[in-house]
$ cat work-v6.csv   # CSV, C-alpha atoms and all ligand atoms
chain,number,residue,atom,x,y,z
A,48,MET,CA,36.2,-2.8,37.0
A,49,VAL,CA,34.2,-5.9,38.1
A,50,ASP,CA,32.1,-7.5,35.4
A,51,LEU,CA,28.8,-5.8,35.9
A,52,ASP,CA,26.9,-8.3,33.8
A,53,LEU,CA,24.5,-5.6,32.8
A,54,GLY,CA,22.6,-7.5,30.0
A,55,ALA,CA,20.0,-5.8,28.0
A,56,SER,CA,18.0,-4.1,30.7
A,57,ARG,CA,18.8,-0.7,32.1
A,58,THR,CA,21.2,-0.6,35.1
A,59,SER,CA,19.5,0.5,38.3
A,60,VAL,CA,21.5,3.2,40.0
A,61,ALA,CA,21.2,4.7,43.5
A,62,VAL,CA,22.2,8.4,44.0
A,63,LEU,CA,23.4,9.5,47.5
A,64,VAL,CA,22.9,13.2,48.3
A,65,SER,CA,23.2,15.6,51.2
A,66,GLY,CA,21.9,18.8,49.7
A,67,ARG,CA,20.1,20.5,46.8
A,68,GLY,CA,20.6,17.7,44.3
A,69,SER,CA,21.2,19.5,41.0
A,70,ASN,CA,23.5,16.7,39.8
A,71,LEU,CA,20.8,14.2,40.8
A,72,GLY,CA,18.4,16.2,38.7
A,73,ALA,CA,20.7,15.9,35.7
A,74,LEU,CA,21.1,12.2,36.2
A,75,ILE,CA,17.3,11.7,36.6
A,76,LYS,CA,16.8,13.6,33.3
A,77,ALA,CA,19.4,11.6,31.5
A,78,GLY,CA,18.1,8.3,32.8
A,79,GLU,CA,14.7,9.1,31.5
A,80,LYS,CA,15.9,9.5,27.9
A,81,PRO,CA,15.1,6.7,25.4
A,82,GLY,CA,18.2,4.6,24.9
A,83,SER,CA,19.8,5.4,28.3
A,84,SER,CA,21.7,2.5,29.8
A,85,PHE,CA,20.7,3.4,33.4
A,86,GLU,CA,17.8,4.5,35.5
A,87,ILE,CA,17.8,6.1,38.9
A,88,GLY,CA,16.1,3.5,41.1
A,89,LEU,CA,16.7,4.9,44.5
A,90,VAL,CA,17.8,8.2,46.2
A,91,ILE,CA,19.1,8.3,49.7
A,92,ALA,CA,19.9,11.4,51.7
A,93,ASN,CA,21.8,11.5,54.9
A,94,ARG,CA,20.4,14.9,55.9
A,95,PRO,CA,16.8,15.8,56.7
A,96,GLY,CA,15.4,18.4,54.3
A,97,ALA,CA,17.9,17.6,51.5
A,98,GLY,CA,16.5,19.1,48.3
A,99,GLY,CA,17.4,15.9,46.5
A,100,LEU,CA,14.6,14.0,48.3
A,101,ASP,CA,12.0,16.4,46.9
A,102,LEU,CA,13.5,16.0,43.4
A,103,ALA,CA,13.3,12.2,43.7
A,104,GLU,CA,9.7,12.4,45.0
A,105,ALA,CA,8.6,14.7,42.2
A,106,ALA,CA,10.1,12.2,39.7
A,107,GLY,CA,8.4,9.2,41.3
A,108,ILE,CA,11.7,7.7,42.4
A,109,PRO,CA,11.8,5.7,45.7
A,110,ASN,CA,13.7,7.8,48.2
A,111,LEU,CA,14.6,7.7,51.8
A,112,LEU,CA,16.4,9.5,54.6
A,113,ILE,CA,19.1,7.7,56.4
A,114,ASP,CA,20.2,10.3,58.9
A,115,HIS,CA,23.8,9.5,59.9
A,116,LYS,CA,23.2,11.3,63.2
A,117,ALA,CA,20.6,8.7,64.2
A,118,PHE,CA,23.3,6.0,64.3
A,119,ASP,CA,25.9,5.1,66.8
A,120,GLY,CA,29.0,5.6,64.6
A,121,ARG,CA,30.0,5.4,61.0
A,122,GLU,CA,29.9,1.6,60.8
A,123,ALA,CA,26.3,1.3,61.8
A,124,PHE,CA,25.3,4.1,59.4
A,125,GLU,CA,27.1,2.5,56.5
A,126,GLN,CA,25.6,-1.0,57.3
A,127,ALA,CA,22.2,0.5,57.1
A,128,LEU,CA,23.1,2.2,53.8
A,129,ASP,CA,24.5,-1.0,52.4
A,130,GLN,CA,21.4,-2.9,53.4
A,131,LYS,CA,19.1,-0.5,51.7
A,132,LEU,CA,21.2,-0.4,48.5
A,133,ASN,CA,21.2,-4.2,48.4
A,134,GLU,CA,17.4,-4.5,49.1
A,135,ALA,CA,16.7,-2.1,46.2
A,136,GLY,CA,18.9,-4.2,43.9
A,137,VAL,CA,20.9,-1.3,42.5
A,138,ARG,CA,24.1,-2.1,40.6
A,139,LEU,CA,25.8,1.3,40.9
A,140,VAL,CA,26.0,4.1,43.4
A,141,CYS,CA,26.5,7.7,42.5
A,142,LEU,CA,27.6,10.2,45.1
A,143,ALA,CA,26.2,13.6,44.2
A,144,GLY,CA,27.1,16.2,46.8
A,145,PHE,CA,27.1,13.5,49.5
A,146,MET,CA,29.0,15.0,52.4
A,147,ARG,CA,30.1,11.9,54.3
A,148,VAL,CA,33.4,10.2,53.9
A,149,LEU,CA,32.9,6.5,53.1
A,150,SER,CA,35.0,3.9,54.9
A,151,THR,CA,37.3,1.4,53.3
A,152,TRP,CA,34.8,-1.3,54.3
A,153,PHE,CA,32.0,0.3,52.4
A,154,VAL,CA,34.1,1.2,49.3
A,155,LYS,CA,35.3,-2.4,49.1
A,156,CYS,CA,31.7,-3.7,49.4
A,157,TRP,CA,30.9,-1.6,46.3
A,158,GLN,CA,34.3,-2.0,44.6
A,159,ASP,CA,34.4,-0.1,41.3
A,160,ARG,CA,30.7,0.5,41.5
A,161,ILE,CA,30.7,3.9,43.3
A,162,LEU,CA,31.1,7.1,41.2
A,163,ASN,CA,31.7,10.6,42.6
A,164,ILE,CA,31.7,14.1,41.1
A,165,HIS,CA,34.2,16.5,42.5
A,166,PRO,CA,34.2,20.3,41.6
A,167,SER,CA,37.8,20.5,40.5
A,168,LEU,CA,40.2,19.0,37.9
A,169,LEU,CA,41.6,16.3,40.0
A,170,PRO,CA,44.2,15.7,41.3
A,171,ALA,CA,44.2,19.4,41.9
A,172,PHE,CA,42.1,20.9,44.7
A,173,LYS,CA,41.0,17.8,46.6
A,174,GLY,CA,38.7,18.5,49.5
A,175,LEU,CA,36.5,21.6,50.2
A,176,ASP,CA,36.3,25.2,48.9
A,177,THR,CA,37.7,24.2,45.5
A,178,HIS,CA,36.5,27.3,43.7
A,179,ALA,CA,38.0,29.8,46.2
A,180,ARG,CA,41.3,27.8,46.1
A,181,ALA,CA,41.3,27.8,42.3
A,182,LEU,CA,40.8,31.6,42.3
A,183,ALA,CA,43.5,32.1,44.9
A,184,ALA,CA,45.9,29.9,43.0
A,185,GLY,CA,45.3,32.0,39.8
A,186,VAL,CA,44.7,29.0,37.6
A,187,ARG,CA,43.3,29.8,34.1
A,188,VAL,CA,41.3,26.6,33.8
A,189,HIS,CA,39.1,24.9,36.4
A,190,GLY,CA,36.4,22.3,36.2
A,191,CYS,CA,35.1,19.0,37.5
A,192,THR,CA,35.9,15.4,37.6
A,193,VAL,CA,33.8,12.2,37.7
A,194,HIS,CA,35.8,9.3,39.1
A,195,ILE,CA,35.5,5.9,40.6
A,196,VAL,CA,35.6,6.1,44.4
A,197,ARG,CA,38.6,4.8,46.3
A,198,PRO,CA,39.0,4.9,50.1
A,199,GLU,CA,41.2,8.0,49.9
A,200,LEU,CA,39.2,11.2,49.7
A,201,ASP,CA,38.6,12.6,46.2
A,202,ASP,CA,40.9,9.9,44.7
A,203,GLY,CA,40.3,7.2,42.2
A,204,PRO,CA,40.3,6.4,38.5
A,205,ILE,CA,39.0,9.3,36.3
A,206,ILE,CA,36.1,8.7,33.9
A,207,VAL,CA,35.3,12.2,32.5
A,208,GLN,CA,36.5,15.7,33.2
A,209,GLY,CA,34.9,19.0,32.4
A,210,THR,CA,36.8,22.3,32.0
A,211,VAL,CA,35.8,26.0,32.3
A,212,PRO,CA,37.9,29.1,31.9
A,213,VAL,CA,38.7,31.1,35.0
A,214,LEU,CA,38.0,34.8,34.1
A,215,GLN,CA,40.0,37.7,35.3
A,216,ASP,CA,37.2,39.2,37.4
A,217,ASP,CA,35.6,36.0,38.5
A,218,THR,CA,33.9,35.6,41.8
A,219,GLU,CA,33.6,32.4,43.7
A,220,ASP,CA,29.9,32.2,42.9
A,221,ALA,CA,30.3,32.9,39.2
A,222,LEU,CA,33.0,30.3,38.9
A,223,ALA,CA,30.9,27.8,40.9
A,224,ALA,CA,28.0,28.3,38.6
A,225,ARG,CA,30.1,27.8,35.5
A,226,VAL,CA,31.5,24.6,37.0
A,227,LEU,CA,28.1,23.3,38.0
A,228,ASP,CA,26.9,23.8,34.5
A,229,VAL,CA,29.6,21.5,33.2
A,230,GLU,CA,29.1,19.0,36.0
A,231,HIS,CA,25.5,18.5,34.8
A,232,LYS,CA,27.0,17.4,31.4
A,233,CYS,CA,29.9,15.3,32.7
A,234,TYR,CA,28.0,13.2,35.3
A,235,PRO,CA,25.4,11.8,32.9
A,236,LEU,CA,28.1,11.0,30.3
A,237,ALA,CA,30.3,9.2,32.8
A,238,LEU,CA,27.4,7.2,34.3
A,239,GLU,CA,26.3,6.2,30.8
A,240,LEU,CA,29.8,5.0,30.0
A,241,VAL,CA,30.0,2.9,33.1
A,242,ALA,CA,26.4,1.6,33.0
A,243,SER,CA,26.7,0.6,29.4
A,244,GLY,CA,29.9,-1.3,30.2
A,245,ARG,CA,32.0,0.8,27.8
A,246,ALA,CA,34.1,2.2,30.7
A,247,ARG,CA,36.2,-0.5,32.3
A,248,MET,CA,39.2,-0.6,34.6
A,249,ALA,CA,42.5,-1.4,32.9
A,250,GLY,CA,45.8,-1.2,34.6
A,251,GLY,CA,44.4,1.0,37.4
A,252,ARG,CA,42.9,3.5,35.0
A,253,VAL,CA,39.5,3.7,33.3
A,254,ARG,CA,39.6,2.7,29.6
A,255,VAL,CA,36.6,3.5,27.5
A,256,GLU,CA,35.8,1.4,24.5
A,257,GLY,CA,34.9,3.2,21.2
A,258,ILE,CA,36.4,6.5,22.2
A,259,ASP,CA,39.8,6.9,20.6
A,260,ASP,CA,39.8,10.6,20.7
A,261,PRO,CA,40.2,11.8,24.3
A,262,SER,CA,38.0,14.8,23.6
A,263,GLY,CA,35.1,12.4,24.0
A,264,LEU,CA,35.9,12.2,27.7
A,265,LEU,CA,36.5,15.9,28.2
A,266,ILE,CA,33.8,18.5,28.0
A,267,HIS,CA,34.7,22.2,27.6
A,268,SER,CA,32.1,24.7,28.7
A,269,GLY,CA,31.6,28.4,29.4
A,270,GLY,CA,33.6,31.4,28.4
B,301,LIG,C1,28.7,19.7,43.4
B,301,LIG,O1,29.4,20.9,43.1
B,301,LIG,C2,29.5,18.5,43.4
B,301,LIG,O2,30.6,18.5,42.5
B,301,LIG,C3,30.0,18.5,44.8
B,301,LIG,O3,28.9,18.9,45.6
B,301,LIG,C4,28.1,19.7,44.8
B,301,LIG,C5,26.7,19.1,44.8
B,301,LIG,O4,25.7,20.0,44.2
B,301,LIG,N1,30.5,17.1,45.2
B,301,LIG,P1,24.3,19.4,43.9
B,301,LIG,O5,23.7,19.0,45.3
B,301,LIG,O6,24.4,18.3,43.0
B,301,LIG,O7,23.5,20.6,43.4

$ encode --input "work-v6.csv" --output "structure tokens"
Amino acid sequence: MVDLDLGASRTSVAVLVSGRGSNLGALIKAGEKPGSSFEIGLVIANRPGAGGLDLAEAAGIPNLLIDHKAFDGREAFEQALDQKLNEAGVRLVCLAGFMRVLSTWFVKCWQDRILNIHPSLLPAFKGLDTHARALAAGVRVHGCTVHIVRPELDDGPIIVQGTVPVLQDDTEDALAARVLDVEHKCYPLALELVASGRARMAGGRVRVEGIDDPSGLLIHSGG
């Protein structure tokens, strides 16, 4: 991971959303706690009407819509995104239900500074419909992963994972709700570890200082 040179002040973070923004809500709440290493300094949505924009507004956080459909191609959209992030002076970018694939160019611009949350235990079930696929596969454990973004979809060094049991009579909705609950615990923890400088890249993986017991990076929830 690049040296973030975070110093004593709290790291300003941008959150990119496309929809309801419940993970954004969890990050805002965590960032407001005394002693947090980060604060949410900007929220950007790529879809008009994204609930995340209302959440940001209610919390008094600068927010804006950059509608990808208003641009002539991905490059122009991402250039606008990059410009706004730089203007806001944010140091980290969190994808939270952001439904646009980012190009290699953009990921390299923000190398090791983009985090994503994916609703499965990666590397299992990359892509969409993770809960339905987990049910169809008959797995007994499912969950979520917070990772550093790489150009390949749903790939990159893992920071924190959360697990939930898959129950015999689970429905997709019930399983999704159980996973979402653990997502809201995992994302704030992962961001805190990165923003505080405790999580760093080492040999292609994320190494976290001061956590010898791996259970500190794995949250179990539900039952
Ligand atoms: C979450 O399940 C997240 O893992 C996935 O998209 C969903 C976003 O939900 N990437 P929300 O907008 O944070 O409520």

$ closest_atom_pairs --input "work-v6.csv" --of "segment 82-189 of chain A" --to "segment 68-75 of chain A" --cutoff "8 Å" --atoms "only C-alpha atoms" --output "Markdown table"
| residue | atom | partner | partner_atom | distance |
| --- | --- | --- | --- | --- |
| A:Glu86 | CA | A:Ile75 | CA | 7.3 |
| A:Ile87 | CA | A:Ile75 | CA | 6.1 |
| A:Ala97 | CA | A:Gly68 | CA | 7.7 |
| A:Gly98 | CA | A:Gly68 | CA | 5.9 |
| A:Gly99 | CA | A:Gly68 | CA | 4.3 |
| A:Leu102 | CA | A:Gly72 | CA | 6.8 |
| A:Ala106 | CA | A:Ile75 | CA | 7.9 |
| A:Ala143 | CA | A:Asn70 | CA | 6.0 |
| A:Gly144 | CA | A:Gly68 | CA | 7.1 |

$ atom_distance --input "work-v6.csv" --atom1 "atom CA of Ser59 of chain A" --atom2 "atom CA of Gly136 of chain A"
7.3 Å

$ residues_around --input "work-v6.csv" --residues "Arg121 of chain A" --least-positions-apart "2" --cutoff "12 Å" --atoms "all atoms listed in the file" --output "ChimeraX atom specification"
/A:93,114-119,123-128,147-153

$ atom_distance --input "work-v6.csv" --atom1 "atom CA of Gly88 of chain A" --atom2 "atom CA of Leu162 of chain A"
15.4 Å

$ atom_distance --input "work-v6.csv" --atom1 "atom CA of Leu63 of chain A" --atom2 "atom CA of Gly120 of chain A"
18.4 Å

$ closest_residue --input "work-v6.csv" --among "A:Leu112, A:Ile161, A:Val211, A:Ala237" --to "Arg138 of chain A" --atoms "only C-alpha atoms"
A:Ile161

$ residues_around --input "work-v6.csv" --residues "segment 262-266 of chain A" --least-positions-apart "3" --cutoff "10 Å" --atoms "only C-alpha atoms" --output "count of residues only"
21

$ closest_residue --input "work-v6.csv" --among "A:Ala221, A:Leu139, A:Val193, A:Val213" --to "ligand LIG 301 (chain B)" --atoms "all atoms listed in the file"
A:Val193

$ residues_around --input "work-v6.csv" --residues "Pro212 of chain A" --least-positions-apart "3" --cutoff "9 Å" --atoms "all atoms listed in the file" --output "ChimeraX atom specification"
/A:186-190,222,225,267-270

$ write_last_selection --input "work-v6.csv" --atoms "C-alpha atoms" --output "CSV table (one decimal), keeping the file's coordinate frame"
chain,number,residue,atom,x,y,z
A,186,VAL,CA,44.7,29.0,37.6
A,187,ARG,CA,43.3,29.8,34.1
A,188,VAL,CA,41.3,26.6,33.8
A,189,HIS,CA,39.1,24.9,36.4
A,190,GLY,CA,36.4,22.3,36.2
A,222,LEU,CA,33.0,30.3,38.9
A,225,ARG,CA,30.1,27.8,35.5
A,267,HIS,CA,34.7,22.2,27.6
A,268,SER,CA,32.1,24.7,28.7
A,269,GLY,CA,31.6,28.4,29.4
A,270,GLY,CA,33.6,31.4,28.4

$ closest_residue --input "work-v6.csv" --among "A:Val241, A:Ala179, A:Val137, A:Ala77" --to "Val253 of chain A" --atoms "only C-alpha atoms"
A:Val241

$ closest_residue --input "work-v6.csv" --among "A:Ala246, A:Leu142, A:Ala135, A:Val60" --to "Ala92 of chain A" --atoms "all atoms listed in the file"
A:Leu142

$ residues_near_point --input "work-v6.csv" --point "(29.4, 22.6, 43.6)" --cutoff "8 Å" --atoms "all atoms listed in the file" --output "PyMOL selection string"
chain A and resi 144+165-166+223-224+226-227

$ closest_residue --input "work-v6.csv" --among "A:Ser83, A:Gln130, A:Asn110, A:Asn163" --to "ligand LIG 301 (chain B)" --atoms "only C-alpha atoms and all ligand atoms"
A:Asn163

$ closest_residue --input "work-v6.csv" --among "A:Val90, A:Val140, A:Met146, A:Ala183" --to "ligand LIG 301 (chain B)" --atoms "only C-alpha atoms and all ligand atoms"
A:Met146

$ decode --input "work-v6.csv" --residues "segment 218-259 of chain A" --atoms "C-alpha atoms" --output "PDB file, in the first residue's frame"
ATOM      1  CA  THR A 218     -34.767 -17.244   1.261  1.00  0.00           C
ATOM      2  CA  GLU A 219     -32.647 -14.924  -0.832  1.00  0.00           C
ATOM      3  CA  ASP A 220     -34.097 -11.916   1.036  1.00  0.00           C
ATOM      4  CA  ALA A 221     -33.485 -13.361   4.491  1.00  0.00           C
ATOM      5  CA  LEU A 222     -29.919 -14.274   3.601  1.00  0.00           C
ATOM      6  CA  ALA A 223     -29.302 -10.856   2.014  1.00  0.00           C
ATOM      7  CA  ALA A 224     -30.532  -9.123   5.181  1.00  0.00           C
ATOM      8  CA  ARG A 225     -28.250 -11.251   7.359  1.00  0.00           C
ATOM      9  CA  VAL A 226     -25.267 -10.468   5.126  1.00  0.00           C
ATOM     10  CA  LEU A 227     -26.106  -6.757   5.010  1.00  0.00           C
ATOM     11  CA  ASP A 228     -26.084  -6.654   8.798  1.00  0.00           C
ATOM     12  CA  VAL A 229     -22.535  -8.018   8.904  1.00  0.00           C
ATOM     13  CA  GLU A 230     -21.495  -5.711   6.027  1.00  0.00           C
ATOM     14  CA  HIS A 231     -22.330  -2.749   8.253  1.00  0.00           C
ATOM     15  CA  LYS A 232     -19.836  -4.042  10.824  1.00  0.00           C
ATOM     16  CA  CYS A 233     -17.092  -5.069   8.413  1.00  0.00           C
ATOM     17  CA  TYR A 234     -16.841  -1.919   6.302  1.00  0.00           C
ATOM     18  CA  PRO A 235     -16.255   0.525   9.187  1.00  0.00           C
ATOM     19  CA  LEU A 236     -13.648  -1.828  10.675  1.00  0.00           C
ATOM     20  CA  ALA A 237     -11.792  -2.223   7.369  1.00  0.00           C
ATOM     21  CA  LEU A 238     -11.823   1.499   6.656  1.00  0.00           C
ATOM     22  CA  GLU A 239     -10.596   2.288  10.151  1.00  0.00           C
ATOM     23  CA  LEU A 240      -7.690  -0.142   9.689  1.00  0.00           C
ATOM     24  CA  VAL A 241      -6.683   1.429   6.365  1.00  0.00           C
ATOM     25  CA  ALA A 242      -7.235   5.047   7.410  1.00  0.00           C
ATOM     26  CA  SER A 243      -5.246   4.594  10.606  1.00  0.00           C
ATOM     27  CA  GLY A 244      -2.361   3.112   8.619  1.00  0.00           C
ATOM     28  CA  ARG A 245      -2.564  -0.205  10.467  1.00  0.00           C
ATOM     29  CA  ALA A 246      -3.492  -2.106   7.312  1.00  0.00           C
ATOM     30  CA  ARG A 247      -0.724  -2.152   4.729  1.00  0.00           C
ATOM     31  CA  MET A 248       0.193  -4.079   1.629  1.00  0.00           C
ATOM     32  CA  ALA A 249       2.869  -6.730   2.129  1.00  0.00           C
ATOM     33  CA  GLY A 250       3.728  -9.303  -0.505  1.00  0.00           C
ATOM     34  CA  GLY A 251       0.492  -8.729  -2.388  1.00  0.00           C
ATOM     35  CA  ARG A 252      -1.680  -9.208   0.686  1.00  0.00           C
ATOM     36  CA  VAL A 253      -2.981  -6.907   3.382  1.00  0.00           C
ATOM     37  CA  ARG A 254      -1.097  -7.150   6.640  1.00  0.00           C
ATOM     38  CA  VAL A 255      -2.609  -5.552   9.730  1.00  0.00           C
ATOM     39  CA  GLU A 256      -0.401  -4.323  12.537  1.00  0.00           C
ATOM     40  CA  GLY A 257      -1.370  -5.196  16.053  1.00  0.00           C
ATOM     41  CA  ILE A 258      -3.766  -7.984  15.116  1.00  0.00           C
ATOM     42  CA  ASP A 259      -2.066 -11.327  15.610  1.00  0.00           C
TER      43      ASP A 259
END
